[in-house]
Amino acid sequence: MDYKEAGLTAGIEIHQQLNTKEKLFCHCPALLRNSSEHSGEFFRYLRVTESEMGEIDRAAQEELKRDRKFHYFTYDTTCLVENDEEPPAPLNDEALSVCLTIAKMFGMTPVRQVHTMRKLVIDGSNTSGFQRTALVALNGVLPTGGEIETICLEEEAAQRVKDDIFSLDRLGIPLIEITTSPCMHSPEEVQEVAEYIGMVLRSTGRVKRGIGTIRQDVNISIRGGARVEIKGVQELDLIAEVVRREVQRQQNLLAISNELTKRKSSVNDTAKNVTELFKETKSTVLKKAKRIYAIRLEGFAGLVGREIQPDRRLGSEMSDYAKKCGVGGIFHTDELPAYGITAEEVARLRAYIDADSRDCVVIVAAVNDTQAACAVNQVIIRAQVALSDKPVPEETRKMLETGSSAYMRPLPGAARMYPETDVLPVIVDDGSPEYDYNSRAADSKSRTVRTRVCNRPELCNPAGFIRKTPPVRTCCGRGDKTQTCRIHDPFDMYGTPAGGCRSREDIR
Amino acid sequence: MAVVKLDSGYNIGVNPDSCTFFGYPAESTAKKTRVPQKKDLPVLSIVSTGGTIASRIDYRTGSVTSQFDADDILVAIPELAKVAQYRTIPLATILSENMTPSIWQELARAVYKEIQSGVTGIIITHGTDTMAYSAAALSFMIDTPVPVVFVGSQRSADRPSSDNAMNAVCAASAATSDLGEVAVVMHATTNDDTCAIHRGTRVRKMHSSRRDAFQSIGIDPLGFVAYPSREVTLKSHTVRRGSRKLALHDKLEKHCGLVQFYPGMSPDLLKAYEGYKGLVLAGTGLGHVSTALIPSLKKLIQGGTLVVMTTQCMQGRVCDRVYDTGRDLLSAGVIEGGDMLPEAALVKMMWVLGNERDPEKAAERMQEDLKGEYNRRSTHGL
């Protein structure tokens, strides 16, 4: 595979848990627990709210399609902040200083004043319905010549125990998010950069170790395709494979689109109620369903069932879309007869909705008309995309075990971000002359900071909203003695301050 | 510091000197969506005082938008449309700590007018800090045949997890129910499963931030609203719809105070209340202040100030006949406030002194149960 020829462009986001004493916005220990140790439980509904600009984010809109009732486990190591029953504490200074250290290691410009934002996330993994995140530094360099665009300090989300049950022990653990520019052009390069960044992070001695403490999201696009973000790659060794498979998927979707155009295929946007046809069916799924609808995809025969990635078909993509409405999935005639659906039933179905051998018929089984209509609409939307001149939708996807991926939601837009008004902005100021923020910030402004300069300073800079970061204190262990050293320069933590830490290994 | 919004949606603060002005963004106009209301549903009036039930920040002015109407509320909380039709009366846009007795009076008059016009019930949106005071104030000022329901939210309406929508839906359900008194409807637990209906004169905010901060003190809640079923259950002690005849008594004596006693409190502090018509004390335990304060209290009372004793325990009843200090307080002329909550006693005192000029009769009325604020029996433990 010639990836250069394919026009591969990739970037990565690395999320690494920090090993701080306390969580990012409360004073609970940053401690992972076993879910069987939970001491309490509660449940909430999440609703979609408008952004500060009065828009609803498209990724959030997608989650609206289902009932958002979520259960949470609490522990003796969690508090009312995780329960969304108390305003957050100020941004954890220790976590900020670790981020600034890492920023320095990548030669980045710290943000003069750090603003905490709320990133709308209503999949239940945050009790509040948003994840708190703050941009800490800009414009870093990689030894490969690539760039690190940003470092953000975020709160970790709650961990899913099962279905809609989440565990609050992980919520609020500080997380550093390192985002590279889309500067990589081969699967191996992506993996190498991820390895390098991971190594730098571990070298600080201030990050958590073990499975799940570091996660990579990979952004991938090819020529003619679209930007797709694949979330939750936990094993480093799989990164290159994830990239390879995504390139394969996008190329196959492009090929399917070409074939559909050649066949002059179309999508009939009305679905027929075929519940009666399956009254006597042996299929357990269809037997349970209260409503069964069928959609005729003209000229799609053989393409819905065509593999686009190992174990993934265009039909799997449609199924993922339909699942957003709460249905278990879909059936399509490319894979039938199977699953207890007989050849006779398929023939009757085809006849009933006037489908010939060139067409593919998709069946949706739902509990009621509303759910059926929602799922039908989702299948039609996905089929229309496959048919369009942009057959690869911009999406957030999750990695499956082998390196293939499944649809999660549309890529979020800027509408998902609004200011966290409960957390005061923090001035980054170490008094160190080597950081000339003004000139550096001016540089970054001309390249990155281009849009929407605030024109109402009285809103942006309310009096008294300024807090200085105090000098960083770190414990140094030496043999059996522990002493505290005071380090005045948060950017130079691993120098030799008075009190004497010998090397970074001393600082734990 | 200049705040810059990046394309990614992040805000960062930069030195204003490092920014170059190159123009204003295009003016955007707020979308206005019309929401049809079902004509066969009962009509409720929503009187807003500045609570955050359906408000949002207006980024052009930087303030919470005050021009709210039924459409805005129904866009924010679509479930409300299943319960009733709404008319909206924007009375004030204040933080509830800035509430005053004068605004209570305006509120009472507005609510009276709405009930007179024949609505099925009233919803008052209110900041939670002083909601209990306002609920008590309206309890005394209005005899209402229909539900008058206060509601607010503990977690801001701009977050997906806000309690505003569920509280509003529960409040609307309570306002269309068989309830016939002034009440507060808020989350009963930390779960999104039940709202409690509290009597306006017996409710207290007992937590600074939790959703279930509001609790009935000394009595059971008047009822509950299940969510999402919206089923309302009322207890036997609840005043039912139509039991009271509509009347407005909107006079208040504003020169009344509330003082919490603490060990070592200086008698000089009481001098500030000389000339006041009334003073509620939140004493310790059974209703005590230190012996050192008694001469000053005596002087206040001789000067014409009505002094009523309540307990800072919140739970339980005042009894100044057990210990010497209590007896001394009684002989100084202090009135026992029974099991009234200190805040409810203060509001009641303003109302009683506003409507009763005879000091002896006013003192008697302070010990009568007017709107469920004063239990004659202590049936409830902690």
# chains A, B, ... in the order shown; residues from 1 in each chain; ligands from 1

call {"tool": "interface_residues", "arguments": {"of": "chain B", "to": "chain A", "cutoff": "8 Å", "atoms": "only C-alpha atoms", "output": "mmCIF file with N, CA and C atoms, in the first residue's frame"}}
result
data_model
loop_
_atom_site.group_PDB
_atom_site.id
_atom_site.type_symbol
_atom_site.label_atom_id
_atom_site.label_comp_id
_atom_site.auth_asym_id
_atom_site.auth_seq_id
_atom_site.Cartn_x
_atom_site.Cartn_y
_atom_site.Cartn_z
ATOM 1 N N MET B 1 -6.605 41.268 30.707
ATOM 2 C CA MET B 1 -6.456 40.038 29.924
ATOM 3 C C MET B 1 -7.541 39.980 28.844
ATOM 4 N N ALA B 2 -7.134 39.698 27.625
ATOM 5 C CA ALA B 2 -8.127 39.537 26.558
ATOM 6 C C ALA B 2 -8.442 38.050 26.412
ATOM 7 N N VAL B 3 -9.700 37.729 26.328
ATOM 8 C CA VAL B 3 -10.067 36.320 26.184
ATOM 9 C C VAL B 3 -10.334 36.026 24.713
ATOM 10 N N VAL B 4 -9.669 34.999 24.218
ATOM 11 C CA VAL B 4 -9.778 34.647 22.813
ATOM 12 C C VAL B 4 -10.434 33.281 22.701
ATOM 13 N N LYS B 5 -11.435 33.188 21.841
ATOM 14 C CA LYS B 5 -12.062 31.883 21.581
ATOM 15 C C LYS B 5 -11.432 31.287 20.340
ATOM 16 N N LEU B 6 -10.826 30.137 20.484
ATOM 17 C CA LEU B 6 -10.181 29.485 19.346
ATOM 18 C C LEU B 6 -11.219 28.738 18.508
ATOM 19 N N ASP B 7 -10.825 28.350 17.300
ATOM 20 C CA ASP B 7 -11.727 27.573 16.442
ATOM 21 C C ASP B 7 -12.163 26.283 17.116
ATOM 22 N N SER B 8 -11.295 25.747 17.964
ATOM 23 C CA SER B 8 -11.616 24.488 18.636
ATOM 24 C C SER B 8 -12.674 24.668 19.709
ATOM 25 N N GLY B 9 -13.000 25.933 20.031
ATOM 26 C CA GLY B 9 -13.983 26.200 21.065
ATOM 27 C C GLY B 9 -13.349 26.572 22.396
ATOM 28 N N TYR B 10 -12.047 26.313 22.544
ATOM 29 C CA TYR B 10 -11.365 26.669 23.791
ATOM 30 C C TYR B 10 -11.228 28.182 23.926
ATOM 31 N N ASN B 11 -11.295 28.664 25.156
ATOM 32 C CA ASN B 11 -10.964 30.060 25.447
ATOM 33 C C ASN B 11 -9.563 30.093 26.054
ATOM 34 N N ILE B 12 -8.781 31.090 25.712
ATOM 35 C CA ILE B 12 -7.523 31.331 26.417
ATOM 36 C C ILE B 12 -7.410 32.827 26.707
ATOM 37 N N GLY B 13 -6.699 33.151 27.778
ATOM 38 C CA GLY B 13 -6.482 34.554 28.088
ATOM 39 C C GLY B 13 -5.109 34.961 27.573
ATOM 40 N N VAL B 14 -5.050 36.039 26.813
ATOM 41 C CA VAL B 14 -3.759 36.528 26.311
ATOM 42 C C VAL B 14 -3.617 38.000 26.679
ATOM 43 N N ASN B 15 -2.404 38.465 26.619
ATOM 44 C CA ASN B 15 -2.155 39.876 26.880
ATOM 45 C C ASN B 15 -2.845 40.710 25.790
ATOM 46 N N ASP B 17 -2.149 43.418 24.593
ATOM 47 C CA ASP B 17 -1.182 44.035 23.672
ATOM 48 C C ASP B 17 -0.817 43.103 22.521
ATOM 49 N N SER B 18 -1.013 41.800 22.737
ATOM 50 C CA SER B 18 -0.629 40.865 21.680
ATOM 51 C C SER B 18 -1.781 40.605 20.706
ATOM 52 N N CYS B 19 -2.893 41.342 20.892
ATOM 53 C CA CYS B 19 -4.031 41.180 19.985
ATOM 54 C C CYS B 19 -4.118 42.393 19.056
ATOM 55 N N PHE B 21 -6.824 44.438 16.714
ATOM 56 C CA PHE B 21 -8.246 44.535 16.399
ATOM 57 C C PHE B 21 -8.439 44.552 14.899
ATOM 58 N N TYR B 24 -15.452 43.497 14.171
ATOM 59 C CA TYR B 24 -16.421 42.802 15.018
ATOM 60 C C TYR B 24 -17.011 41.617 14.271
ATOM 61 N N PRO B 25 -17.345 40.588 14.988
ATOM 62 C CA PRO B 25 -18.013 39.467 14.299
ATOM 63 C C PRO B 25 -19.408 39.892 13.849
ATOM 64 N N ALA B 30 -31.034 36.058 17.748
ATOM 65 C CA ALA B 30 -31.529 34.867 18.426
ATOM 66 C C ALA B 30 -32.697 34.283 17.645
ATOM 67 N N ILE B 57 -27.767 32.778 29.772
ATOM 68 C CA ILE B 57 -26.964 33.978 29.638
ATOM 69 C C ILE B 57 -27.159 34.566 28.242
ATOM 70 N N TYR B 59 -25.346 36.547 25.677
ATOM 71 C CA TYR B 59 -23.944 36.905 25.495
ATOM 72 C C TYR B 59 -23.749 38.273 24.874
ATOM 73 N N GLY B 62 -24.490 40.079 28.456
ATOM 74 C CA GLY B 62 -23.797 39.500 29.586
ATOM 75 C C GLY B 62 -24.700 39.225 30.767
ATOM 76 N N ARG B 155 -28.720 23.261 40.664
ATOM 77 C CA ARG B 155 -27.612 23.173 39.715
ATOM 78 C C ARG B 155 -28.024 23.943 38.468
ATOM 79 N N ASP B 158 -27.853 25.763 32.741
ATOM 80 C CA ASP B 158 -27.064 25.622 31.517
ATOM 81 C C ASP B 158 -26.274 24.321 31.489
ATOM 82 N N ARG B 159 -26.492 23.445 32.442
ATOM 83 C CA ARG B 159 -25.786 22.160 32.408
ATOM 84 C C ARG B 159 -26.780 21.026 32.124
ATOM 85 N N PRO B 160 -26.334 20.035 31.333
ATOM 86 C CA PRO B 160 -27.245 18.946 30.973
ATOM 87 C C PRO B 160 -27.813 18.210 32.182
ATOM 88 N N SER B 161 -27.112 18.289 33.318
ATOM 89 C CA SER B 161 -27.560 17.569 34.505
ATOM 90 C C SER B 161 -28.422 18.431 35.412
ATOM 91 N N SER B 162 -28.763 19.642 34.981
ATOM 92 C CA SER B 162 -29.511 20.553 35.857
ATOM 93 C C SER B 162 -30.800 19.915 36.357
ATOM 94 N N THR B 190 -31.331 12.819 45.750
ATOM 95 C CA THR B 190 -30.314 13.168 44.761
ATOM 96 C C THR B 190 -30.634 12.523 43.410
ATOM 97 N N ASN B 191 -31.521 11.524 43.411
ATOM 98 C CA ASN B 191 -31.936 10.875 42.166
ATOM 99 C C ASN B 191 -32.959 11.735 41.429
ATOM 100 N N ASP B 192 -33.073 11.500 40.119
ATOM 101 C CA ASP B 192 -34.108 12.192 39.351
ATOM 102 C C ASP B 192 -35.386 11.358 39.369
ATOM 103 N N SER B 209 -25.789 23.118 48.314
ATOM 104 C CA SER B 209 -25.679 22.809 46.892
ATOM 105 C C SER B 209 -26.449 21.586 46.415
ATOM 106 N N ARG B 210 -26.782 20.667 47.307
ATOM 107 C CA ARG B 210 -27.439 19.440 46.828
ATOM 108 C C ARG B 210 -28.818 19.721 46.242
ATOM 109 N N ARG B 211 -29.243 18.850 45.330
ATOM 110 C CA ARG B 211 -30.569 18.981 44.708
ATOM 111 C C ARG B 211 -31.691 18.849 45.726
#

call {"tool": "select_by_dssp", "arguments": {"residues": "segment 348-395 of chain A", "states": "alpha helix (DSSP H)", "output": "count of residues only"}}
result
24

call {"tool": "residues_around", "arguments": {"residues": "Thr342 of chain A", "least_positions_apart": "4", "cutoff": "9 Å", "atoms": "only C-alpha atoms", "output": "tab-separated table (two decimals) with C-alpha atoms, in the first residue's frame"}}
result
chain	number	residue	atom	x	y	z
A	281	THR	CA	-41.16	-16.19	11.78
A	282	LYS	CA	-38.61	-18.40	13.52
A	283	SER	CA	-36.25	-15.45	14.02
A	336	LEU	CA	-30.12	-13.37	4.36
A	337	PRO	CA	-31.45	-16.03	4.65
A	338	ALA	CA	-29.85	-16.41	8.08
A	346	VAL	CA	-36.96	-13.03	2.10
A	347	ALA	CA	-38.75	-13.73	-1.18

call {"tool": "closest_residue", "arguments": {"among": "B:Ile301, B:Thr310, B:Ile294, B:Leu252", "to": "Glu274 of chain B", "atoms": "only C-alpha atoms"}}
result
B:Ile301

call {"tool": "residues_around", "arguments": {"residues": "Leu303 of chain A", "least_positions_apart": "6", "cutoff": "8 Å", "atoms": "only C-alpha atoms", "output": "JSON, numbers by chain"}}
result
{"A": [256, 314, 334]}

call {"tool": "residues_around", "arguments": {"residues": "segment 366-373 of chain B", "least_positions_apart": "3", "cutoff": "6 Å", "atoms": "only C-alpha atoms", "output": "list in words"}}
result
Thr201, Arg202, Met340 and Ala363 of chain B

call {"tool": "write_last_selection", "arguments": {"atoms": "C-alpha atoms", "output": "PDB file, in the first residue's frame"}}
result
ATOM      1  CA  THR B 201     -44.099  28.000  56.176  1.00  0.00           C
ATOM      2  CA  ARG B 202     -42.306  24.796  57.207  1.00  0.00           C
ATOM      3  CA  MET B 340     -41.853  27.960  64.350  1.00  0.00           C
ATOM      4  CA  ALA B 363     -48.272  38.819  70.543  1.00  0.00           C
TER       5      ALA B 363
END

call {"tool": "atom_distance", "arguments": {"atom1": "atom CA of Gly337 of chain B", "atom2": "atom CA of Thr130 of chain B"}}
result
21.0 Å

call {"tool": "residues_around", "arguments": {"residues": "Ala81 of chain B", "least_positions_apart": "2", "cutoff": "9 Å", "atoms": "only C-alpha atoms", "output": "list of chain:residue names"}}
result
B:Val35, B:Pro36, B:Gln37, B:Lys38, B:Leu41, B:Leu74, B:Ile77, B:Pro78, B:Glu79, B:Val83, B:Ala84, B:Gln85, B:Tyr86

call {"tool": "atom_distance", "arguments": {"atom1": "atom CA of Ile219 of chain B", "atom2": "atom CA of Ile197 of chain B"}}
result
11.7 Å

call {"tool": "decode", "arguments": {"residues": "segment 167-193 of chain B", "atoms": "N, CA and C atoms", "output": "compact mmCIF listing (two decimals), in the first residue's frame"}}
result
# COMPACT_ATOMS: atom_id res chain seq x y z
N ASN B 167 -37.63 19.71 38.14
CA ASN B 167 -38.32 20.50 39.15
C ASN B 167 -39.50 21.27 38.53
N ALA B 168 -39.28 21.83 37.34
CA ALA B 168 -40.34 22.61 36.69
C ALA B 168 -41.52 21.72 36.32
N VAL B 169 -41.22 20.54 35.80
CA VAL B 169 -42.29 19.62 35.41
C VAL B 169 -43.07 19.18 36.66
N CYS B 170 -42.35 18.89 37.75
CA CYS B 170 -43.01 18.50 39.00
C CYS B 170 -43.84 19.67 39.54
N ALA B 171 -43.30 20.89 39.45
CA ALA B 171 -44.02 22.06 39.94
C ALA B 171 -45.31 22.26 39.16
N ALA B 172 -45.24 22.10 37.85
CA ALA B 172 -46.44 22.25 37.02
C ALA B 172 -47.46 21.18 37.37
N SER B 173 -46.98 19.97 37.63
CA SER B 173 -47.90 18.88 38.00
C SER B 173 -48.56 19.20 39.33
N ALA B 174 -47.78 19.70 40.29
CA ALA B 174 -48.34 20.06 41.59
C ALA B 174 -49.33 21.21 41.44
N ALA B 175 -49.03 22.15 40.53
CA ALA B 175 -49.88 23.34 40.35
C ALA B 175 -51.20 22.99 39.67
N THR B 176 -51.28 21.84 39.02
CA THR B 176 -52.55 21.42 38.42
C THR B 176 -53.25 20.38 39.31
N SER B 177 -52.65 20.07 40.47
CA SER B 177 -53.19 19.01 41.33
C SER B 177 -54.26 19.55 42.27
N ASP B 178 -54.62 18.73 43.26
CA ASP B 178 -55.66 19.10 44.22
C ASP B 178 -55.11 19.95 45.38
N LEU B 179 -53.83 20.28 45.30
CA LEU B 179 -53.20 21.11 46.34
C LEU B 179 -53.90 22.46 46.43
N GLY B 180 -53.99 23.02 47.66
CA GLY B 180 -54.65 24.31 47.81
C GLY B 180 -53.91 25.23 48.75
N GLU B 181 -52.58 25.24 48.68
CA GLU B 181 -51.82 26.17 49.54
C GLU B 181 -50.50 26.56 48.88
N VAL B 182 -49.75 27.42 49.58
CA VAL B 182 -48.46 27.86 49.05
C VAL B 182 -47.42 26.80 49.37
N ALA B 183 -46.65 26.37 48.36
CA ALA B 183 -45.72 25.27 48.57
C ALA B 183 -44.43 25.49 47.80
N VAL B 184 -43.41 24.73 48.18
CA VAL B 184 -42.14 24.69 47.45
C VAL B 184 -42.02 23.28 46.88
N VAL B 185 -41.74 23.18 45.56
CA VAL B 185 -41.57 21.87 44.95
C VAL B 185 -40.15 21.76 44.41
N MET B 186 -39.38 20.83 44.99
CA MET B 186 -37.99 20.62 44.56
C MET B 186 -37.67 19.13 44.70
N HIS B 187 -36.48 18.75 44.18
CA HIS B 187 -36.01 17.36 44.29
C HIS B 187 -36.16 16.82 45.72
N ALA B 188 -36.66 15.57 45.83
CA ALA B 188 -36.77 14.94 47.15
C ALA B 188 -35.52 14.18 47.51
N THR B 189 -34.78 13.71 46.50
CA THR B 189 -33.55 12.95 46.74
C THR B 189 -32.51 13.41 45.72
N THR B 190 -31.33 12.82 45.75
CA THR B 190 -30.31 13.17 44.76
C THR B 190 -30.63 12.52 43.41
N ASN B 191 -31.52 11.52 43.41
CA ASN B 191 -31.94 10.87 42.17
C ASN B 191 -32.96 11.74 41.43
N ASP B 192 -33.07 11.50 40.12
CA ASP B 192 -34.11 12.19 39.35
C ASP B 192 -35.39 11.36 39.37
N ASP B 193 -35.90 11.06 40.55
CA ASP B 193 -37.08 10.20 40.58
C ASP B 193 -38.31 10.82 41.25
